[in-house]
$ cat query07.txt   # compact mmCIF, C-alpha atoms
# COMPACT_ATOMS: atom_id res chain seq x y z
CA GLU K 972 11.45 -54.65 -11.75
CA PRO K 973 14.82 -56.28 -11.12
CA ARG K 974 16.09 -58.67 -13.79
CA THR K 975 13.93 -57.15 -16.49
CA VAL K 976 15.03 -55.41 -19.67
CA LYS K 977 13.36 -52.58 -21.59
CA GLN K 978 11.80 -53.64 -24.87
CA HIS K 979 12.85 -50.40 -26.57
CA GLY K 980 14.97 -47.37 -25.85
CA ALA K 981 18.18 -48.88 -24.55
CA GLY K 982 20.26 -47.01 -27.14
CA ILE K 983 22.27 -50.10 -28.05
CA ASN K 984 21.65 -51.68 -31.44
CA LEU K 985 21.21 -55.25 -30.25
CA PRO K 986 17.98 -57.24 -30.41
CA TYR K 987 15.88 -57.36 -27.25
CA GLU K 988 16.56 -61.08 -26.77
CA VAL K 989 20.32 -60.53 -26.89
CA ARG K 990 20.18 -57.57 -24.52
CA LYS K 991 18.01 -59.55 -22.10
CA GLU K 992 20.23 -62.64 -22.11
CA MET K 993 23.38 -60.60 -21.64
CA ALA K 994 21.84 -58.37 -18.95
CA LEU K 995 20.79 -61.42 -16.93
CA MET K 996 24.19 -63.08 -17.27
CA LEU K 997 25.90 -59.85 -16.27
CA ASP K 998 23.56 -59.47 -13.31
CA ASP K 999 24.63 -62.92 -12.12
CA HIS K 1000 28.25 -61.70 -12.15
CA GLN K 1001 27.29 -58.51 -10.35
CA CYS K 1002 25.59 -60.62 -7.64
CA ALA K 1003 28.62 -62.93 -7.31
CA LEU K 1004 31.00 -59.99 -7.08
CA SER K 1005 28.81 -58.45 -4.37
CA VAL K 1006 29.13 -61.66 -2.35
CA ALA K 1007 32.90 -61.65 -2.96
CA LEU K 1008 33.04 -58.02 -1.81
CA ASN K 1009 31.34 -58.88 1.47
CA GLN K 1010 33.79 -61.73 2.02
CA TYR K 1011 36.78 -59.52 1.22
CA ASN K 1012 35.54 -56.89 3.66
CA LYS K 1013 35.21 -59.47 6.45
CA HIS K 1014 38.66 -60.91 5.77
CA HIS K 1015 40.16 -57.40 5.58
CA TRP K 1016 38.66 -56.51 8.95
CA LEU K 1017 39.90 -59.72 10.58
CA SER K 1018 43.47 -59.70 9.20
CA GLU K 1019 46.00 -60.39 11.93
CA GLY K 1020 49.38 -61.97 12.57
CA ALA K 1021 52.93 -61.28 11.47
CA GLU K 1022 52.23 -61.75 7.75
CA GLY K 1023 48.59 -60.82 7.91
CA PHE K 1024 48.07 -57.52 9.52
CA ILE K 1025 49.84 -55.16 7.15
CA SER K 1026 50.53 -57.11 3.96
CA ILE K 1027 47.32 -59.15 3.84
CA HIS K 1028 45.29 -56.21 5.10
CA ASP K 1029 46.64 -54.09 2.23
CA LEU K 1030 46.23 -56.90 -0.31
CA LEU K 1031 42.58 -57.31 0.65
CA ALA K 1032 42.06 -53.55 0.47
CA GLU K 1033 43.19 -53.76 -3.17
CA HIS K 1034 40.75 -56.65 -3.75
CA ILE K 1035 37.94 -54.59 -2.23
CA GLN K 1036 38.77 -51.60 -4.44
CA GLN K 1037 38.92 -53.69 -7.62
CA THR K 1038 35.75 -55.60 -6.76
CA ASN K 1039 33.84 -52.36 -6.15
CA LYS K 1040 35.06 -51.10 -9.52
CA HIS K 1041 33.96 -54.31 -11.27
CA ILE K 1042 30.53 -54.29 -9.63
CA ASP K 1043 30.06 -50.73 -10.89
CA GLU K 1044 31.24 -51.52 -14.43
CA ILE K 1045 28.97 -54.54 -14.72
CA GLY K 1046 25.99 -52.74 -13.16
CA GLU K 1047 26.44 -49.91 -15.65
CA ARG K 1048 26.61 -52.36 -18.56
CA VAL K 1049 23.39 -54.02 -17.36
CA ALA K 1050 21.73 -50.60 -17.31
CA ARG K 1051 23.09 -49.74 -20.79
CA LEU K 1052 21.54 -52.94 -22.09
CA GLY K 1053 18.22 -51.71 -20.69
CA GLY K 1054 18.28 -53.96 -17.63
CA VAL K 1055 17.73 -53.36 -13.94
CA PRO K 1056 20.64 -54.69 -11.82
CA THR K 1057 19.82 -56.62 -8.66
CA ALA K 1058 20.69 -54.52 -5.62
CA HIS K 1059 19.14 -56.23 -2.58
CA PRO K 1060 21.81 -58.19 -0.68
CA ILE K 1061 19.55 -61.16 0.05
CA THR K 1062 18.53 -61.47 -3.59
CA GLN K 1063 22.15 -61.02 -4.67
CA HIS K 1064 23.18 -63.92 -2.47
CA GLU K 1065 20.33 -66.09 -3.76
CA LEU K 1066 21.31 -65.41 -7.39
CA SER K 1067 25.07 -65.64 -6.86
CA TYR K 1068 27.02 -68.61 -8.15
CA ILE K 1069 29.37 -68.24 -5.16
CA LYS K 1070 28.15 -68.29 -1.56
CA HIS K 1071 29.19 -66.65 1.68
CA GLU K 1072 31.24 -68.79 3.99
CA VAL K 1073 29.56 -69.67 7.28
CA GLU K 1074 29.81 -66.80 9.77
CA GLY K 1075 32.74 -66.86 12.15
CA ARG K 1076 36.48 -66.39 12.41
CA TYR K 1077 38.79 -68.67 10.46
CA SER K 1078 42.54 -68.67 9.96
CA ILE K 1079 43.87 -66.13 7.48
CA ARG K 1080 44.97 -69.05 5.28
CA ASP K 1081 41.39 -70.41 5.25
CA PHE K 1082 39.99 -66.96 4.48
CA LEU K 1083 42.37 -66.58 1.54
CA ARG K 1084 41.77 -70.14 0.32
CA ASN K 1085 38.02 -69.41 0.24
CA ASP K 1086 38.70 -66.15 -1.62
CA LEU K 1087 40.85 -67.96 -4.18
CA GLU K 1088 38.13 -70.56 -4.78
CA HIS K 1089 35.68 -67.70 -5.39
CA GLU K 1090 38.08 -65.96 -7.76
CA LEU K 1091 38.59 -69.12 -9.80
CA LYS K 1092 34.83 -69.64 -10.08
CA ILE K 1093 34.29 -65.99 -11.08
CA GLN K 1094 36.99 -66.29 -13.76
CA ASP K 1095 35.38 -69.45 -15.14
CA MET K 1096 31.94 -67.86 -15.28
CA LEU K 1097 33.29 -64.66 -16.87
CA ARG K 1098 34.91 -66.73 -19.63
CA LYS K 1099 31.59 -68.46 -20.33
CA THR K 1100 29.80 -65.12 -20.61
CA ILE K 1101 32.56 -63.68 -22.81
CA ASN K 1102 32.20 -66.67 -25.14
CA ARG K 1103 28.43 -66.24 -25.26
CA ALA K 1104 28.74 -62.48 -25.86
CA HIS K 1105 31.06 -63.23 -28.81
CA GLU K 1106 28.47 -65.63 -30.23
CA LEU K 1107 25.76 -62.95 -29.90
CA LYS K 1108 28.05 -60.22 -31.29
CA ASP K 1109 27.71 -58.16 -28.12
CA PHE K 1110 31.20 -56.73 -28.38
CA GLY K 1111 30.55 -54.01 -25.80
CA THR K 1112 29.97 -56.68 -23.15
CA VAL K 1113 33.01 -58.60 -24.42
CA GLN K 1114 35.20 -55.52 -23.92
CA VAL K 1115 33.90 -54.83 -20.41
CA LEU K 1116 34.26 -58.44 -19.30
CA GLU K 1117 37.68 -59.06 -20.86
CA GLU K 1118 39.13 -56.16 -18.87
CA ILE K 1119 37.45 -57.40 -15.69
CA LEU K 1120 38.67 -60.95 -16.32
CA THR K 1121 42.27 -59.77 -16.65
CA ASP K 1122 41.96 -57.92 -13.34
CA ARG K 1123 40.33 -60.94 -11.64
CA GLU K 1124 43.15 -63.18 -12.89
CA ASP K 1125 45.65 -60.79 -11.27
CA LEU K 1126 43.69 -60.90 -8.00
CA GLY K 1127 43.58 -64.69 -8.12
CA TYR K 1128 47.31 -64.85 -8.82
CA HIS K 1129 48.01 -62.63 -5.81
CA LEU K 1130 45.94 -64.89 -3.57
CA PHE K 1131 47.61 -68.01 -4.95
CA SER K 1132 51.06 -66.49 -4.39
CA VAL K 1133 50.27 -65.60 -0.78
CA LEU K 1134 49.06 -69.15 -0.15
CA GLU K 1135 52.30 -70.72 -1.43
CA ASP K 1136 54.35 -72.61 1.15
CA ASP K 1137 57.47 -70.44 1.22
CA THR K 1138 57.53 -67.78 3.93
CA LEU K 1139 59.97 -65.37 5.54
CA VAL K 1140 58.28 -65.76 8.93
CA ARG K 1141 59.85 -68.76 10.71
CA GLY K 1142 60.78 -67.42 14.08
CA MET K 1143 64.33 -67.41 15.40
CA ARG K 1144 64.91 -71.09 16.30
CA HIS K 1145 66.77 -71.78 13.05
CA LEU K 1146 69.66 -69.45 14.06

$ encode --input "query07.txt" --output "structure tokens"
Amino acid sequence: EPRTVKQHGAGINLPYEVRKEMALMLDDHQCALSVALNQYNKHHWLSEGAEGFISIHDLLAEHIQQTNKHIDEIGERVARLGGVPTAHPITQHELSYIKHEVEGRYSIRDFLRNDLEHELKIQDMLRKTINRAHELKDFGTVQVLEEILTDREDLGYHLFSVLEDDTLVRGMRHL
């Protein structure tokens, strides 16, 4: 069953209660990252405009690649703890602490602003889980999540930088 943890046989020397708590917290991150992945895919597909089509398209491709990697790393950690990661997209969305934006086309700036809000929430929640994993002496989860957090901070920084006001695209009227 999803969101369950084996009583015995996980191969990790942590008590069942610790493995279960960590597996469920990690599964929440895996669900949130799956929602973020779907959003990144949509925004990648709909990139357009002078600044958007190549540079934003490529930036979002990097976000997609990193998010896929993080989903895999967290899902594997859940399994190592003896848990069953949530895989159904509807259940993932229900369990996620971030939500899909309403369907439709928005400006690239709005897409990226939504992505940045998600990244900041993911970073906050990762820090909380890292703190809890430290308390429970689950240093394997700490290591996995600290690496992911560093990557997510980079992704958030990239989004923030793109959303800054300065731009090279002004047209030719200033000449």

$ residues_around --input "query07.txt" --residues "segment 1096-1110 of chain K" --least-positions-apart "3" --cutoff "12 Å" --atoms "all atoms listed in the file" --output "PDB file with C-alpha atoms, in the frame of the given file"
ATOM      1  CA  ILE K 983      22.270 -50.100 -28.050  1.00  0.00           C
ATOM      2  CA  ASN K 984      21.650 -51.680 -31.440  1.00  0.00           C
ATOM      3  CA  LEU K 985      21.210 -55.250 -30.250  1.00  0.00           C
ATOM      4  CA  PRO K 986      17.980 -57.240 -30.410  1.00  0.00           C
ATOM      5  CA  TYR K 987      15.880 -57.360 -27.250  1.00  0.00           C
ATOM      6  CA  GLU K 988      16.560 -61.080 -26.770  1.00  0.00           C
ATOM      7  CA  VAL K 989      20.320 -60.530 -26.890  1.00  0.00           C
ATOM      8  CA  ARG K 990      20.180 -57.570 -24.520  1.00  0.00           C
ATOM      9  CA  LYS K 991      18.010 -59.550 -22.100  1.00  0.00           C
ATOM     10  CA  GLU K 992      20.230 -62.640 -22.110  1.00  0.00           C
ATOM     11  CA  MET K 993      23.380 -60.600 -21.640  1.00  0.00           C
ATOM     12  CA  ALA K 994      21.840 -58.370 -18.950  1.00  0.00           C
ATOM     13  CA  LEU K 995      20.790 -61.420 -16.930  1.00  0.00           C
ATOM     14  CA  MET K 996      24.190 -63.080 -17.270  1.00  0.00           C
ATOM     15  CA  LEU K 997      25.900 -59.850 -16.270  1.00  0.00           C
ATOM     16  CA  ASP K 998      23.560 -59.470 -13.310  1.00  0.00           C
ATOM     17  CA  ASP K 999      24.630 -62.920 -12.120  1.00  0.00           C
ATOM     18  CA  HIS K1000      28.250 -61.700 -12.150  1.00  0.00           C
ATOM     19  CA  GLN K1001      27.290 -58.510 -10.350  1.00  0.00           C
ATOM     20  CA  ALA K1003      28.620 -62.930  -7.310  1.00  0.00           C
ATOM     21  CA  LEU K1004      31.000 -59.990  -7.080  1.00  0.00           C
ATOM     22  CA  HIS K1041      33.960 -54.310 -11.270  1.00  0.00           C
ATOM     23  CA  ILE K1045      28.970 -54.540 -14.720  1.00  0.00           C
ATOM     24  CA  ARG K1048      26.610 -52.360 -18.560  1.00  0.00           C
ATOM     25  CA  LEU K1052      21.540 -52.940 -22.090  1.00  0.00           C
ATOM     26  CA  SER K1067      25.070 -65.640  -6.860  1.00  0.00           C
ATOM     27  CA  TYR K1068      27.020 -68.610  -8.150  1.00  0.00           C
ATOM     28  CA  ILE K1069      29.370 -68.240  -5.160  1.00  0.00           C
ATOM     29  CA  HIS K1089      35.680 -67.700  -5.390  1.00  0.00           C
ATOM     30  CA  GLU K1090      38.080 -65.960  -7.760  1.00  0.00           C
ATOM     31  CA  LEU K1091      38.590 -69.120  -9.800  1.00  0.00           C
ATOM     32  CA  LYS K1092      34.830 -69.640 -10.080  1.00  0.00           C
ATOM     33  CA  ILE K1093      34.290 -65.990 -11.080  1.00  0.00           C
ATOM     34  CA  VAL K1113      33.010 -58.600 -24.420  1.00  0.00           C
ATOM     35  CA  GLN K1114      35.200 -55.520 -23.920  1.00  0.00           C
ATOM     36  CA  VAL K1115      33.900 -54.830 -20.410  1.00  0.00           C
ATOM     37  CA  LEU K1116      34.260 -58.440 -19.300  1.00  0.00           C
ATOM     38  CA  GLU K1117      37.680 -59.060 -20.860  1.00  0.00           C
ATOM     39  CA  GLU K1118      39.130 -56.160 -18.870  1.00  0.00           C
ATOM     40  CA  ILE K1119      37.450 -57.400 -15.690  1.00  0.00           C
ATOM     41  CA  LEU K1120      38.670 -60.950 -16.320  1.00  0.00           C
ATOM     42  CA  THR K1121      42.270 -59.770 -16.650  1.00  0.00           C
ATOM     43  CA  ASP K1122      41.960 -57.920 -13.340  1.00  0.00           C
ATOM     44  CA  ARG K1123      40.330 -60.940 -11.640  1.00  0.00           C
ATOM     45  CA  GLU K1124      43.150 -63.180 -12.890  1.00  0.00           C
TER      46      GLU K1124
END

$ closest_residue --input "query07.txt" --among "K:Val1073, K:Val1049, K:Ile1027, K:Ala1058" --to "Ser1005 of chain K" --atoms "only C-alpha atoms"
K:Ala1058

$ closest_residue --input "query07.txt" --among "K:Gly980, K:Asp1029, K:Tyr1011, K:Gly1053" --to "Glu1072 of chain K" --atoms "all atoms listed in the file"
K:Tyr1011

$ residues_around --input "query07.txt" --residues "segment 1032-1039 of chain K" --least-positions-apart "4" --cutoff "7 Å" --atoms "all atoms listed in the file" --output "tab-separated table (two decimals) with C-alpha atoms, in the frame of the given file"
chain	number	residue	atom	x	y	z
K	1004	LEU	CA	31.00	-59.99	-7.08
K	1008	LEU	CA	33.04	-58.02	-1.81
K	1011	TYR	CA	36.78	-59.52	1.22
K	1012	ASN	CA	35.54	-56.89	3.66
K	1015	HIS	CA	40.16	-57.40	5.58
K	1028	HIS	CA	45.29	-56.21	5.10
K	1043	ASP	CA	30.06	-50.73	-10.89
K	1126	LEU	CA	43.69	-60.90	-8.00

$ atom_distance --input "query07.txt" --atom1 "atom CA of Lys977 of chain K" --atom2 "atom CA of Glu1044 of chain K"
19.3 Å

$ atom_distance --input "query07.txt" --atom1 "atom CA of Arg1080 of chain K" --atom2 "atom CA of Leu1066 of chain K"
27.1 Å

$ atom_distance --input "query07.txt" --atom1 "atom CA of His1064 of chain K" --atom2 "atom CA of Leu1017 of chain K"
21.6 Å

$ closest_residue --input "query07.txt" --among "K:Ser1018, K:Cys1002, K:Arg974, K:Lys1013" --to "Ser1078 of chain K" --atoms "all atoms listed in the file"
K:Ser1018

$ closest_residue --input "query07.txt" --among "K:Leu1031, K:Val1133, K:Ile1025, K:Ile1061" --to "Gln1010 of chain K" --atoms "all atoms listed in the file"
K:Leu1031

$ closest_residue --input "query07.txt" --among "K:Thr1057, K:Leu1030, K:Glu1074, K:Ala1007" --to "Asp1125 of chain K" --atoms "all atoms listed in the file"
K:Leu1030

$ build_atoms --input "query07.txt" --residues "segment 1040-1072 of chain K" --atoms "N, CA and C atoms" --output "compact mmCIF listing (two decimals), keeping the file's coordinate frame"
# COMPACT_ATOMS: atom_id res chain seq x y z
N LYS K 1040 34.97 -51.62 -8.16
CA LYS K 1040 35.06 -51.10 -9.52
C LYS K 1040 34.34 -52.04 -10.50
N HIS K 1041 34.56 -53.33 -10.36
CA HIS K 1041 33.96 -54.31 -11.27
C HIS K 1041 32.45 -54.40 -11.10
N ILE K 1042 31.98 -54.31 -9.87
CA ILE K 1042 30.53 -54.29 -9.63
C ILE K 1042 29.92 -53.10 -10.35
N ASP K 1043 30.56 -51.94 -10.24
CA ASP K 1043 30.06 -50.73 -10.89
C ASP K 1043 30.06 -50.88 -12.41
N GLU K 1044 31.15 -51.37 -12.97
CA GLU K 1044 31.24 -51.52 -14.43
C GLU K 1044 30.18 -52.48 -14.97
N ILE K 1045 29.97 -53.57 -14.27
CA ILE K 1045 28.97 -54.54 -14.72
C ILE K 1045 27.56 -53.98 -14.53
N GLY K 1046 27.30 -53.35 -13.39
CA GLY K 1046 25.99 -52.74 -13.16
C GLY K 1046 25.65 -51.70 -14.21
N GLU K 1047 26.66 -50.91 -14.60
CA GLU K 1047 26.44 -49.91 -15.65
C GLU K 1047 26.18 -50.57 -17.00
N ARG K 1048 26.86 -51.66 -17.29
CA ARG K 1048 26.61 -52.36 -18.56
C ARG K 1048 25.20 -52.96 -18.58
N VAL K 1049 24.76 -53.50 -17.46
CA VAL K 1049 23.39 -54.02 -17.36
C VAL K 1049 22.40 -52.90 -17.67
N ALA K 1050 22.61 -51.74 -17.07
CA ALA K 1050 21.73 -50.60 -17.31
C ALA K 1050 21.77 -50.15 -18.76
N ARG K 1051 22.96 -50.14 -19.38
CA ARG K 1051 23.09 -49.74 -20.79
C ARG K 1051 22.34 -50.70 -21.71
N LEU K 1052 22.29 -51.95 -21.31
CA LEU K 1052 21.54 -52.94 -22.09
C LEU K 1052 20.03 -52.83 -21.86
N GLY K 1053 19.63 -51.92 -20.99
CA GLY K 1053 18.22 -51.71 -20.69
C GLY K 1053 17.73 -52.50 -19.50
N GLY K 1054 18.65 -53.12 -18.76
CA GLY K 1054 18.28 -53.96 -17.63
C GLY K 1054 18.29 -53.21 -16.31
N VAL K 1055 17.75 -53.88 -15.31
CA VAL K 1055 17.73 -53.36 -13.94
C VAL K 1055 18.60 -54.29 -13.09
N PRO K 1056 19.77 -53.83 -12.63
CA PRO K 1056 20.64 -54.69 -11.82
C PRO K 1056 20.01 -55.02 -10.47
N THR K 1057 20.28 -56.20 -9.98
CA THR K 1057 19.82 -56.62 -8.66
C THR K 1057 20.65 -55.90 -7.61
N ALA K 1058 19.97 -55.30 -6.63
CA ALA K 1058 20.69 -54.52 -5.62
C ALA K 1058 20.46 -55.01 -4.19
N HIS K 1059 19.42 -55.79 -3.95
CA HIS K 1059 19.14 -56.23 -2.58
C HIS K 1059 20.11 -57.34 -2.20
N PRO K 1060 20.78 -57.21 -1.04
CA PRO K 1060 21.81 -58.19 -0.68
C PRO K 1060 21.28 -59.63 -0.55
N ILE K 1061 20.09 -59.80 -0.07
CA ILE K 1061 19.55 -61.16 0.05
C ILE K 1061 19.33 -61.77 -1.33
N THR K 1062 18.76 -60.99 -2.23
CA THR K 1062 18.53 -61.47 -3.59
C THR K 1062 19.85 -61.71 -4.30
N GLN K 1063 20.83 -60.82 -4.07
CA GLN K 1063 22.15 -61.02 -4.67
C GLN K 1063 22.75 -62.36 -4.24
N HIS K 1064 22.64 -62.66 -2.96
CA HIS K 1064 23.18 -63.92 -2.47
C HIS K 1064 22.43 -65.12 -3.06
N GLU K 1065 21.13 -65.00 -3.18
CA GLU K 1065 20.33 -66.09 -3.76
C GLU K 1065 20.72 -66.34 -5.21
N LEU K 1066 21.00 -65.28 -5.97
CA LEU K 1066 21.31 -65.41 -7.39
C LEU K 1066 22.79 -65.72 -7.66
N SER K 1067 23.63 -65.50 -6.67
CA SER K 1067 25.07 -65.64 -6.86
C SER K 1067 25.48 -67.09 -7.07
N TYR K 1068 26.45 -67.28 -7.94
CA TYR K 1068 27.02 -68.61 -8.15
C TYR K 1068 28.16 -68.91 -7.18
N ILE K 1069 28.50 -67.96 -6.31
CA ILE K 1069 29.37 -68.24 -5.16
C ILE K 1069 28.57 -67.89 -3.91
N LYS K 1070 28.91 -68.49 -2.80
CA LYS K 1070 28.15 -68.29 -1.56
C LYS K 1070 29.06 -67.82 -0.44
N HIS K 1071 28.46 -67.08 0.50
CA HIS K 1071 29.19 -66.65 1.68
C HIS K 1071 29.65 -67.88 2.46
N GLU K 1072 30.84 -67.76 3.06
CA GLU K 1072 31.24 -68.79 3.99
C GLU K 1072 30.38 -68.66 5.25
